[in-house]
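Printed here is run22.cif (mmCIF, C-alpha atoms):
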data_start
#
loop_
_atom_site.group_PDB
_atom_site.id
_atom_site.type_symbol
_atom_site.label_atom_id
_atom_site.label_comp_id
_atom_site.auth_asym_id
_atom_site.auth_seq_id
_atom_site.Cartn_x
_atom_site.Cartn_y
_atom_site.Cartn_z
ATOM 1 C CA MET Y 947 81.946 115.094 158.929
ATOM 2 C CA GLY Y 948 84.232 118.098 158.408
ATOM 3 C CA LEU Y 949 87.595 116.292 158.024
ATOM 4 C CA LYS Y 950 89.597 116.716 154.817
ATOM 5 C CA LYS Y 951 91.017 113.571 153.202
ATOM 6 C CA SER Y 952 94.389 115.358 153.095
ATOM 7 C CA GLU Y 953 94.237 115.798 156.893
ATOM 8 C CA PHE Y 954 93.503 112.084 157.314
ATOM 9 C CA ASP Y 955 96.477 111.252 155.058
ATOM 10 C CA SER Y 956 98.728 113.569 157.095
ATOM 11 C CA TYR Y 957 97.819 111.647 160.270
ATOM 12 C CA VAL Y 958 98.784 108.425 158.476
ATOM 13 C CA ASP Y 959 102.086 109.923 157.311
ATOM 14 C CA ALA Y 960 102.804 111.128 160.857
ATOM 15 C CA GLY Y 961 102.189 107.629 162.268
ATOM 16 C CA LYS Y 962 99.142 108.664 164.280
ATOM 17 C CA ILE Y 963 96.987 106.286 162.224
ATOM 18 C CA SER Y 964 98.298 102.928 161.031
ATOM 19 C CA LEU Y 965 96.526 101.038 158.245
ATOM 20 C CA SER Y 966 96.908 98.844 155.184
ATOM 21 C CA GLU Y 967 95.322 99.009 151.743
ATOM 22 C CA SER Y 968 92.716 96.317 151.050
ATOM 23 C CA ARG Y 969 93.860 93.640 148.590
ATOM 24 C CA LEU Y 970 91.761 91.251 146.499
ATOM 25 C CA ILE Y 971 94.520 88.635 146.846
ATOM 26 C CA PRO Y 972 95.957 89.244 150.323
ATOM 27 C CA VAL Y 973 99.231 87.654 151.399
ATOM 28 C CA LEU Y 974 97.532 85.824 154.244
ATOM 29 C CA LYS Y 975 96.580 82.208 154.809
ATOM 30 C CA THR Y 976 93.188 80.928 153.680
ATOM 31 C CA GLY Y 977 90.636 81.231 156.467
ATOM 32 C CA ASP Y 978 92.321 84.170 158.166
ATOM 33 C CA GLU Y 979 89.716 86.779 159.158
ATOM 34 C CA MET Y 980 91.910 89.588 157.858
ATOM 35 C CA ALA Y 981 92.110 87.796 154.515
ATOM 36 C CA LEU Y 982 88.307 87.743 154.410
ATOM 37 C CA THR Y 983 88.169 91.424 155.346
ATOM 38 C CA SER Y 984 90.620 92.370 152.610
ATOM 39 C CA ILE Y 985 88.821 90.278 149.988
ATOM 40 C CA ILE Y 986 85.321 91.539 150.786
ATOM 41 C CA MET Y 987 86.460 95.164 150.893
ATOM 42 C CA SER Y 988 88.352 94.804 147.613
ATOM 43 C CA SER Y 989 85.270 93.280 145.989
ATOM 44 C CA LEU Y 990 83.283 96.335 147.087
ATOM 45 C CA ARG Y 991 85.968 98.530 145.536
ATOM 46 C CA LEU Y 992 86.068 96.601 142.252
ATOM 47 C CA ILE Y 993 82.422 95.584 141.662
ATOM 48 C CA LYS Y 994 80.055 98.543 141.313
ATOM 49 C CA GLU Y 995 76.725 96.740 141.698
ATOM 50 C CA PHE Y 996 77.945 94.773 144.720
ATOM 51 C CA LYS Y 997 79.122 97.988 146.385
ATOM 52 C CA ASP Y 998 75.850 99.740 145.587
ATOM 53 C CA GLN Y 999 73.785 96.989 147.229
ATOM 54 C CA ILE Y 1000 75.870 96.816 150.419
ATOM 55 C CA PHE Y 1001 76.205 100.610 150.702
ATOM 56 C CA LYS Y 1002 72.456 101.041 150.211
ATOM 57 C CA GLU Y 1003 71.612 98.644 153.050
ATOM 58 C CA ALA Y 1004 74.266 100.093 155.364
ATOM 59 C CA LYS Y 1005 73.042 103.592 154.431
ATOM 60 C CA LEU Y 1006 76.505 104.667 153.288
ATOM 61 C CA LYS Y 1007 76.668 107.513 150.802
ATOM 62 C CA ARG Y 1008 77.126 106.177 147.276
ATOM 63 C CA GLY Y 1009 78.375 109.407 145.719
ATOM 64 C CA GLY Y 1010 82.013 110.508 145.778
ATOM 65 C CA LYS Y 1011 85.107 108.298 145.931
ATOM 66 C CA ALA Y 1012 85.362 105.421 148.392
ATOM 67 C CA TYR Y 1013 88.626 104.420 150.097
ATOM 68 C CA TYR Y 1014 89.087 101.013 151.748
ATOM 69 C CA TYR Y 1015 91.599 100.248 154.511
ATOM 70 C CA THR Y 1016 92.317 97.240 156.736
ATOM 71 C CA GLU Y 1017 93.987 96.779 160.143
ATOM 72 C CA VAL Y 1018 93.334 100.366 161.209
ATOM 73 C CA CYS Y 1019 94.591 101.738 164.518
ATOM 74 C CA PHE Y 1020 94.104 105.283 165.839
ATOM 75 C CA LYS Y 1021 97.147 105.312 168.064
ATOM 76 C CA ASP Y 1022 96.538 108.617 169.846
ATOM 77 C CA ILE Y 1023 93.021 107.610 170.920
ATOM 78 C CA ASP Y 1024 92.965 103.825 171.349
ATOM 79 C CA LYS Y 1025 96.188 101.843 170.944
ATOM 80 C CA GLU Y 1026 94.440 98.578 171.845
ATOM 81 C CA SER Y 1027 91.830 98.517 169.089
ATOM 82 C CA ARG Y 1028 92.938 97.369 165.640
ATOM 83 C CA ILE Y 1029 89.858 97.732 163.470
ATOM 84 C CA ASP Y 1030 89.393 95.139 160.713
ATOM 85 C CA GLY Y 1031 88.248 97.659 158.122
ATOM 86 C CA LEU Y 1032 87.582 101.336 157.499
ATOM 87 C CA ILE Y 1033 85.604 102.786 154.590
ATOM 88 C CA LEU Y 1034 85.861 106.501 153.815
ATOM 89 C CA ILE Y 1035 83.557 108.324 151.391
ATOM 90 C CA VAL Y 1036 85.203 111.469 150.061
ATOM 91 C CA VAL Y 1037 83.471 114.261 148.116
ATOM 92 C CA SER Y 1038 85.480 117.251 146.853
ATOM 93 C CA GLY Y 1039 88.371 116.315 149.138
ATOM 94 C CA GLU Y 1040 86.223 116.117 152.295
ATOM 95 C CA ILE Y 1041 85.223 112.960 154.192
ATOM 96 C CA LYS Y 1042 81.423 112.908 154.021
ATOM 97 C CA ASP Y 1043 80.748 109.438 155.416
ATOM 98 C CA ALA Y 1044 82.677 106.582 157.029
ATOM 99 C CA ALA Y 1045 82.229 103.136 158.528
ATOM 100 C CA PHE Y 1046 84.167 100.738 160.722
ATOM 101 C CA LEU Y 1047 84.034 97.093 159.649
ATOM 102 C CA GLU Y 1048 84.355 94.072 161.949
ATOM 103 C CA VAL Y 1049 84.577 90.594 160.375
ATOM 104 C CA LYS Y 1050 84.201 87.167 162.016
ATOM 105 C CA ASN Y 1051 84.226 83.723 160.425
ATOM 106 C CA GLY Y 1052 83.679 80.128 161.491
ATOM 107 C CA LYS Y 1053 82.191 79.843 164.975
ATOM 108 C CA ASN Y 1054 83.582 83.189 166.084
ATOM 109 C CA VAL Y 1055 80.810 85.486 167.264
ATOM 110 C CA LEU Y 1056 80.752 89.242 167.630
ATOM 111 C CA SER Y 1057 82.024 90.496 170.958
ATOM 112 C CA GLN Y 1058 79.908 93.022 172.844
ATOM 113 C CA GLU Y 1059 83.046 94.445 174.448
ATOM 114 C CA GLN Y 1060 84.874 94.811 171.135
ATOM 115 C CA ILE Y 1061 82.002 96.509 169.284
ATOM 116 C CA LEU Y 1062 81.451 98.804 172.263
ATOM 117 C CA ARG Y 1063 85.119 99.853 171.993
ATOM 118 C CA TYR Y 1064 84.599 100.605 168.309
ATOM 119 C CA TYR Y 1065 81.454 102.543 169.180
ATOM 120 C CA ARG Y 1066 83.271 104.663 171.768
ATOM 121 C CA LEU Y 1067 86.129 105.238 169.324
ATOM 122 C CA ALA Y 1068 83.618 106.371 166.695
ATOM 123 C CA GLN Y 1069 82.168 108.791 169.253
ATOM 124 C CA SER Y 1070 85.635 110.153 170.051
ATOM 125 C CA LEU Y 1071 86.503 110.677 166.392
ATOM 126 C CA GLN Y 1072 83.134 112.277 165.548
ATOM 127 C CA ASN Y 1073 83.788 111.319 161.926
ATOM 128 C CA VAL Y 1074 82.619 107.694 161.802
ATOM 129 C CA PRO Y 1075 78.819 107.445 161.963
ATOM 130 C CA LYS Y 1076 78.502 103.776 160.989
ATOM 131 C CA ILE Y 1077 79.690 100.378 162.237
ATOM 132 C CA ILE Y 1078 79.213 97.354 159.947
ATOM 133 C CA THR Y 1079 79.646 93.790 161.196
ATOM 134 C CA ILE Y 1080 79.863 90.538 159.216
ATOM 135 C CA SER Y 1081 79.718 87.047 160.706
ATOM 136 C CA ASN Y 1082 77.911 83.729 160.398
ATOM 137 C CA GLU Y 1083 75.271 84.994 162.836
ATOM 138 C CA PHE Y 1084 71.847 85.580 161.288
ATOM 139 C CA VAL Y 1085 69.617 88.602 161.831
ATOM 140 C CA GLY Y 1086 66.184 89.559 160.483
ATOM 141 C CA ASP Y 1087 67.670 92.231 158.221
ATOM 142 C CA SER Y 1088 70.856 94.267 157.971
ATOM 143 C CA SER Y 1089 69.527 97.048 160.206
ATOM 144 C CA GLN Y 1090 69.327 94.622 163.159
ATOM 145 C CA SER Y 1091 72.680 94.112 164.850
ATOM 146 C CA PRO Y 1092 73.404 91.125 167.127
ATOM 147 C CA ILE Y 1093 75.031 93.688 169.441
ATOM 148 C CA TYR Y 1094 72.906 95.835 171.730
ATOM 149 C CA ILE Y 1095 74.326 99.136 172.946
ATOM 150 C CA LYS Y 1096 72.424 100.756 175.770
ATOM 151 C CA ASN Y 1097 71.418 104.361 175.077
ATOM 152 C CA GLN Y 1098 72.929 104.121 171.596
ATOM 153 C CA SER Y 1099 73.427 107.491 169.941
ATOM 154 C CA LYS Y 1100 71.278 108.189 166.893
ATOM 155 C CA LYS Y 1101 74.402 109.615 165.259
ATOM 156 C CA ILE Y 1102 76.000 106.148 165.044
ATOM 157 C CA SER Y 1103 74.249 103.232 163.330
ATOM 158 C CA LEU Y 1104 75.021 99.514 163.509
ATOM 159 C CA SER Y 1105 74.449 97.254 160.493
ATOM 160 C CA HIS Y 1106 75.006 93.507 160.257
ATOM 161 C CA PHE Y 1107 75.379 91.101 157.331
ATOM 162 C CA SER Y 1108 75.576 87.328 157.628
ATOM 163 C CA TRP Y 1109 77.979 85.578 155.267
ATOM 164 C CA THR Y 1110 75.059 83.572 153.907
ATOM 165 C CA TYR Y 1111 73.283 86.790 152.980
ATOM 166 C CA ILE Y 1112 76.382 88.250 151.314
ATOM 167 C CA LYS Y 1113 76.870 85.087 149.260
ATOM 168 C CA THR Y 1114 73.198 85.077 148.237
ATOM 169 C CA LEU Y 1115 73.406 88.733 147.229
ATOM 170 C CA ALA Y 1116 76.507 88.053 145.127
ATOM 171 C CA GLN Y 1117 74.834 85.070 143.447
ATOM 172 C CA LEU Y 1118 71.757 87.135 142.578
ATOM 173 C CA LEU Y 1119 73.957 89.793 140.983
ATOM 174 C CA LEU Y 1120 75.311 87.141 138.604
ATOM 175 C CA PHE Y 1121 71.853 86.180 137.355
ATOM 176 C CA ASP Y 1122 70.414 87.711 134.197
ATOM 177 C CA ASN Y 1123 68.185 90.443 135.609
ATOM 178 C CA ASP Y 1124 67.930 94.228 135.886
ATOM 179 C CA ASP Y 1125 70.333 94.328 138.867
ATOM 180 C CA ASN Y 1126 73.049 92.057 137.534
ATOM 181 C CA ILE Y 1127 76.704 93.063 137.106
ATOM 182 C CA ARG Y 1128 77.131 94.702 133.730
ATOM 183 C CA ASP Y 1129 80.904 94.778 133.328
ATOM 184 C CA GLU Y 1130 82.264 91.396 132.169
ATOM 185 C CA ASP Y 1131 85.528 91.762 134.098
ATOM 186 C CA GLN Y 1132 83.616 92.571 137.277
ATOM 187 C CA VAL Y 1133 81.453 89.481 136.711
ATOM 188 C CA GLU Y 1134 84.606 87.349 136.693
ATOM 189 C CA ILE Y 1135 85.880 89.009 139.886
ATOM 190 C CA MET Y 1136 82.543 88.296 141.608
ATOM 191 C CA LYS Y 1137 82.769 84.654 140.537
ATOM 192 C CA GLU Y 1138 86.280 84.356 141.981
ATOM 193 C CA VAL Y 1139 85.198 85.937 145.274
ATOM 194 C CA LEU Y 1140 82.261 83.519 145.506
ATOM 195 C CA TYR Y 1141 84.575 80.593 144.764
ATOM 196 C CA TYR Y 1142 86.692 81.610 147.751
ATOM 197 C CA LEU Y 1143 83.672 82.143 150.025
ATOM 198 C CA ASP Y 1144 82.172 78.797 149.020
ATOM 199 C CA ASP Y 1145 85.298 76.917 150.117
ATOM 200 C CA GLU Y 1146 84.831 75.622 153.676
ATOM 201 C CA ARG Y 1147 88.413 76.651 154.490
ATOM 202 C CA SER Y 1148 87.355 80.301 154.225
ATOM 203 C CA GLY Y 1149 85.375 79.909 157.462
ATOM 204 C CA VAL Y 1150 82.266 81.324 155.858
ATOM 205 C CA SER Y 1151 80.363 78.016 155.881
ATOM 206 C CA GLY Y 1152 79.651 75.552 158.656
ATOM 207 C CA PHE Y 1153 78.085 77.729 161.363
ATOM 208 C CA HIS Y 1154 74.399 78.519 160.994
ATOM 209 C CA ARG Y 1155 72.360 79.972 163.828
ATOM 210 C CA MET Y 1156 70.180 82.916 164.652
ATOM 211 C CA SER Y 1157 71.764 85.592 166.808
ATOM 212 C CA SER Y 1158 70.703 85.537 170.473
ATOM 213 C CA GLY Y 1159 69.018 88.926 170.127
ATOM 214 C CA TRP Y 1160 67.216 88.279 166.830
ATOM 215 C CA LYS Y 1161 63.747 87.974 168.382
#
Exercise: express the given structure as structure tokens:
Amino acid sequence: MGLKKSEFDSYVDAGKISLSESRLIPVLKTGDEMALTSIIMSSLRLIKEFKDQIFKEAKLKRGGKAYYYTEVCFKDIDKESRIDGLILIVVSGEIKDAAFLEVKNGKNVLSQEQILRYYRLAQSLQNVPKIITISNEFVGDSSQSPIYIKNQSKKISLSHFSWTYIKTLAQLLLFDNDDNIRDEDQVEIMKEVLYYLDDERSGVSGFHRMSSGWK
């Protein structure tokens, strides 16, 4: 990766990168996609076992310290794209891994044009090797994205999670087994997140279909 976290912070301070911190209880209306983004990213930050499972499938490094941001815009490179989420993995002050996050709910589907913009931005930055998408679209497994990018670089991977899969994963972590959440406070946070996701107003339920490219 090669970029120091302090350099990234200096770009933020200089206004070259705009972003917000993820919040478990965002000041946004229920059902807003940015509310979902903030909640899911905060749950990754606060619940170790949940983070470990998602990071493992998305092939994100699990060592170091993770930083979670929402509504990210790299103004000097692409003023039009406001990325739902950005995850940075920092080891000894250096960014060692990173991922863009795009979130859809309800009947909203992933846009080929939008993800391609993210992909080109990731290429320009040379510091973001992963793009993670979440929607109500199903895929065979998380390594299969509904979006196809012709001549996709091996340096940038696409991962996809359906909301149904994320909810199932969270539910399994609450069961009494070897992979369950050990910290009692984190168990309660996971329950609250699931309560929100289970409410039809969140936009997570009510749209079930395979992605067009699943086969």
Could you make a table, as a tab-separated table, of the residues of stretch 1051-1097 of chain Y that have an atom within 9 Å of an atom of stretch 1016-1025 of chain Y, each with its nearest atom pair and distance in Å to one decimal, counting only C-alpha atoms, in chain and number order?
residue	atom	partner	partner_atom	distance
Y:Arg1063	CA	Y:Asp1024	CA	8.8
Y:Leu1067	CA	Y:Asp1024	CA	7.3
Y:Ser1070	CA	Y:Ile1023	CA	7.9
Y:Leu1071	CA	Y:Ile1023	CA	8.5
**OP:** Would you work out the distance separating atom CA of Y:Val973 from atom CA of Y:Ser1057, expressed in Å to one decimal?
**Re:**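 Pair atom CA of Y:Val973 / atom CA of Y:Ser1057 returns 26.2 Å.
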Please, which residues in stretch 985-1011 of chain Y fall within 12 Å of stretch 1135-1148 of chain Y when counting only C-alpha atoms, and what is the closest atom pair and distance in Å to one decimal for each, ordered by chain then residue number, as a tab-separated table?
residue	atom	partner	partner_atom	distance
Y:Ile985	CA	Y:Val1139	CA	7.4
Y:Ile986	CA	Y:Val1139	CA	7.9
Y:Met987	CA	Y:Val1139	CA	10.9
Y:Ser988	CA	Y:Val1139	CA	9.7
Y:Ser989	CA	Y:Met1136	CA	7.2
Y:Leu990	CA	Y:Met1136	CA	9.8
Y:Arg991	CA	Y:Ile1135	CA	11.1
Y:Leu992	CA	Y:Ile1135	CA	8.0
Y:Ile993	CA	Y:Met1136	CA	7.3
Y:Lys994	CA	Y:Met1136	CA	10.5
Y:Glu995	CA	Y:Met1136	CA	10.3
Y:Phe996	CA	Y:Met1136	CA	8.5
Y:Lys997	CA	Y:Met1136	CA	11.3
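Shortest separation to Y:Lys1076 among Y:Lys1113, Y:Arg1128, Y:Lys1053, Y:Lys1007 occurs at residue Y:Lys1007, atoms counted being all atoms listed in the file.
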Subject >> Explicit residue set for the PyMOL selection byres ((chain Y and resi 1064) around 8), as a PyMOL selection string >> reply: chain Y and resi 1027+1029+1046+1060-1063+1065-1068+1077
Subject >> Distance criterion (all atoms listed in the file): nearest to Y:Glu1083 out of Y:Leu1118, Y:Val1150, Y:Leu1032, Y:Leu1104 >> reply: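 Closest to Y:Glu1083 of all the choices is Y:Val1150.
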Subject >> the PyMOL selection byres ((chain Y and resi 1011) around 6) applied to the shown file, residues as an NGL selection string >> reply: :Y and (1010 or 1012 or 1035-1036)
Given the selection you just returned, output its residues as a file containing C-alpha atoms, formatted as a PDB file, keeping the file's coordinate frame.
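Final output, saved to part29.pdb:
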ATOM      1  CA  GLY Y1010      82.013 110.508 145.778  1.00  0.00           C
ATOM      2  CA  ALA Y1012      85.362 105.421 148.392  1.00  0.00           C
ATOM      3  CA  ILE Y1035      83.557 108.324 151.391  1.00  0.00           C
ATOM      4  CA  VAL Y1036      85.203 111.469 150.061  1.00  0.00           C
TER       5      VAL Y1036
END
Original post:
Using the chain letters and numbers from the file, which residues does the PyMOL selection byres ((chain Y and resi 1075) around 7) grab, as a list in words?
Top reply: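 On this input, the PyMOL selection byres ((chain Y and resi 1075) around 7) captures Ala1044, Ala1045, Ala1068, Asn1073, Val1074, Lys1076, Lys1101, Ile1102 and Ser1103 of chain Y.
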**OP:** Grab the atom CA of Y:Glu967 to atom CA of Y:Gln1090 distance for me, in Å with one decimal place.
**Re:** 28.7 Å
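Counting all atoms listed in the file, the residue from Y:Asp1087, Y:Asp1043, Y:Asp1129, Y:Glu1048 that sits nearest to Y:Gln1072 is Y:Asp1043.
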Original post:
What is the atom CA of Y:Ser968 to atom CA of Y:Tyr1015 distance in Å?
Top reply: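 Going from atom CA of Y:Ser968 over to atom CA of Y:Tyr1015 covers 5.4 Å.
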As JSON, what would the box around stretch 1133-1147 of chain Y look like: edges along x, y and z, 5 Å added on every side, centre and edge lengths in Å to one decimal?
{"center_x": 84.9, "center_y": 82.6, "center_z": 145.6, "size_x": 17.0, "size_y": 23.9, "size_z": 27.8}
